[in-house]
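Peer 1: Mind having a look at this structure? Questions to follow.
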Amino acid sequence: MLTAEDYMSIHRLISLYGHVIDERQFSRIGELFTADAEYDMRKRGSGIHRGEDAVRKLWAESKRHPLAHHATNVVIDERPDGTVEVHSKGVCVHNDGMVHSTTYRQIVVRTGAAWRISYLAAEMRTPETIPPIS
């Protein structure tokens with residue numbers, strides 16, 4: 001069962017993602033991801049990237065990188081199997097002033113005393129990606 005401290009640590013991890021990527025502190029990727037993490041950008045057109053080095057390379061080579069990532073609407077759920085799923089929204093601001101919303105789906109795991117992202121999928125919100133009413 002997750003403690004209040006776990007919730008705060010996981011929320012900090014999700015927030016730290018934006019700071020690390022925006023400040024281009026790619027040497028800190030190990031503070032965010034497990035060594036074998038899957039960074040799923042299929043819905044953003046660039047496939048799945050596995051491991052810290054692959055994520056670092058993707059970020060370093062990106063030609064269209066937002067100026068700012070703002071994490072919001074963080075929902076943390078512990079699954080019956082003990083894994084922890086995080087859904088969050090990201091508001092991204094680009095050089096040209098364009099703003100878009102991204103939906104993030106993450107799986108986080110405790111590694112020693114710290115939480116890390118083992119899986120992250122991102123999907124830009126567009127009229128075509130809004131699900132039907134349920």
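How things are named: the first chain in the structure tokens is A, the next is B, and so on; residues count from 1 in each chain; ligands count from 1 in the order shown.
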For A:Met41, work out the shell of residues within 10 Å, counting only C-alpha atoms and skipping chain neighbours fewer than 3 positions away, then give it as an NGL selection string.

Peer 2: :A and (38 or 44-49 or 120-123)

Peer 1: Neighbours of stretch 5-11 of chain A within 10 Å (only C-alpha atoms; same-chain residues fewer than 2 positions away dropped), as number ranges by chain?

Peer 2: A: 1-3, 13-16, 71-72, 74-77, 84, 86, 88, 108-110, 114-117

Peer 1: Any chance you could export the current selection's C-alpha atoms as a tab-separated table (two decimals), in the first residue's frame?

Peer 2:
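Dumped everything to result_19.tsv:
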```tsv
chain	number	residue	atom	x	y	z
A	1	MET	CA	0.00	0.00	0.00
A	2	LEU	CA	1.31	3.42	-0.98
A	3	THR	CA	2.08	5.85	1.82
A	13	LEU	CA	9.26	12.50	-10.00
A	14	ILE	CA	6.58	13.51	-12.52
A	15	SER	CA	7.33	17.19	-11.90
A	16	LEU	CA	11.10	16.66	-12.11
A	71	ALA	CA	3.00	18.65	-15.54
A	72	THR	CA	-0.54	18.82	-14.20
A	74	VAL	CA	-1.33	13.91	-11.77
A	75	VAL	CA	-3.34	10.81	-10.80
A	76	ILE	CA	-1.49	7.98	-9.05
A	77	ASP	CA	-3.09	4.52	-8.80
A	84	VAL	CA	1.85	1.90	-9.82
A	86	VAL	CA	0.41	7.42	-13.19
A	88	SER	CA	-0.82	13.10	-16.04
A	108	VAL	CA	6.62	3.84	-11.90
A	109	VAL	CA	8.57	1.44	-9.72
A	110	ARG	CA	10.44	1.74	-6.47
A	114	ALA	CA	13.64	6.14	-4.97
A	115	TRP	CA	10.80	5.95	-7.49
A	116	ARG	CA	11.63	5.77	-11.19
A	117	ILE	CA	9.63	5.64	-14.44
```

Peer 1: Which is closest to A:Ser101 among A:Pro127, A:Gly82, A:Gly30, A:Pro132, if we use only C-alpha atoms?

Peer 2: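 Checking each of A:Pro127, A:Gly82, A:Gly30, A:Pro132 against A:Ser101, counting only C-alpha atoms, the winner is A:Pro127.
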
Peer 1: So which one's closest to A:Phe26, A:Tyr39, A:Tyr119, A:Tyr104, A:Trp59? Using only C-alpha atoms, please.

Peer 2: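 Selected residue with least distance to A:Phe26: A:Trp59.
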
Peer 1: Run DSSP on the backbone and give me the residues of stretch 16-110 of chain A it puts in strand (DSSP E or B), as a ChimeraX atom specification.

Peer 2: /A:33-40,48-50,68-78,84-93,99-110

Peer 1: Just want the 9 Å neighbourhood of stretch 62-68 of chain A, counted on only C-alpha atoms, with same-chain residues fewer than 3 positions away dropped. Output as number ranges by chain.

Peer 2: A: 18-19, 21-23, 57-59, 91-95, 99

Peer 1: Mind giving me the straight-line distance from atom CA of A:Asp40 to atom CA of A:Asp81 in Å, one decimal?

Peer 2: 22.0 Å

Peer 1: With only C-alpha atoms as the basis for distance, which of A:Leu32, A:Ala60, A:Gly97, A:Thr103 is at the shortest distance from A:Thr129?

Peer 2: A:Thr103

Peer 1: Name the closest residue to A:His100 among the candidates A:Lys43, A:His70, A:Arg79, A:Arg125; distances are taken between atoms, counting only C-alpha atoms.

Peer 2: A:Arg125

Peer 1: Which parts of chain A does DSSP call alpha helix (DSSP H) when run on the backbone here, written out as a list in words?

Peer 2: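 Selecting the alpha helix (DSSP H) positions of chain A gives Ala4, Glu5, Asp6, Tyr7, Met8, Ser9, Ile10, His11, Arg12, Leu13, Ile14, Ser15, Leu16, Tyr17, Gly18, His19, Val20, Ile21, Asp22, Glu52, Asp53, Ala54, Val55, Arg56, Lys57, Leu58, Trp59, Ala60 and Glu61 of chain A.
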
Peer 1: Pick from A:Glu85, A:Asp36, A:Glu78, A:Glu52: nearest to A:Arg105, with only C-alpha atoms counted?

Peer 2: A:Glu85

Peer 1: Pick from A:Val20, A:Ala4, A:Met124, A:Met98: nearest to A:Phe33, with only C-alpha atoms counted?

Peer 2: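 Once distances to A:Phe33 are computed over only C-alpha atoms, the minimum belongs to A:Val20.
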
Peer 1: If I take atom CA of A:Ala37 and atom CA of A:Gly51, how far is one from the other in Å, to one decimal?

Peer 2: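 Computing it gives 5.0 Å between the two atoms.
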
Peer 1: Atom CA of A:Asn73 and atom CA of A:Gly90, how far apart in Å?

Peer 2: 8.4 Å
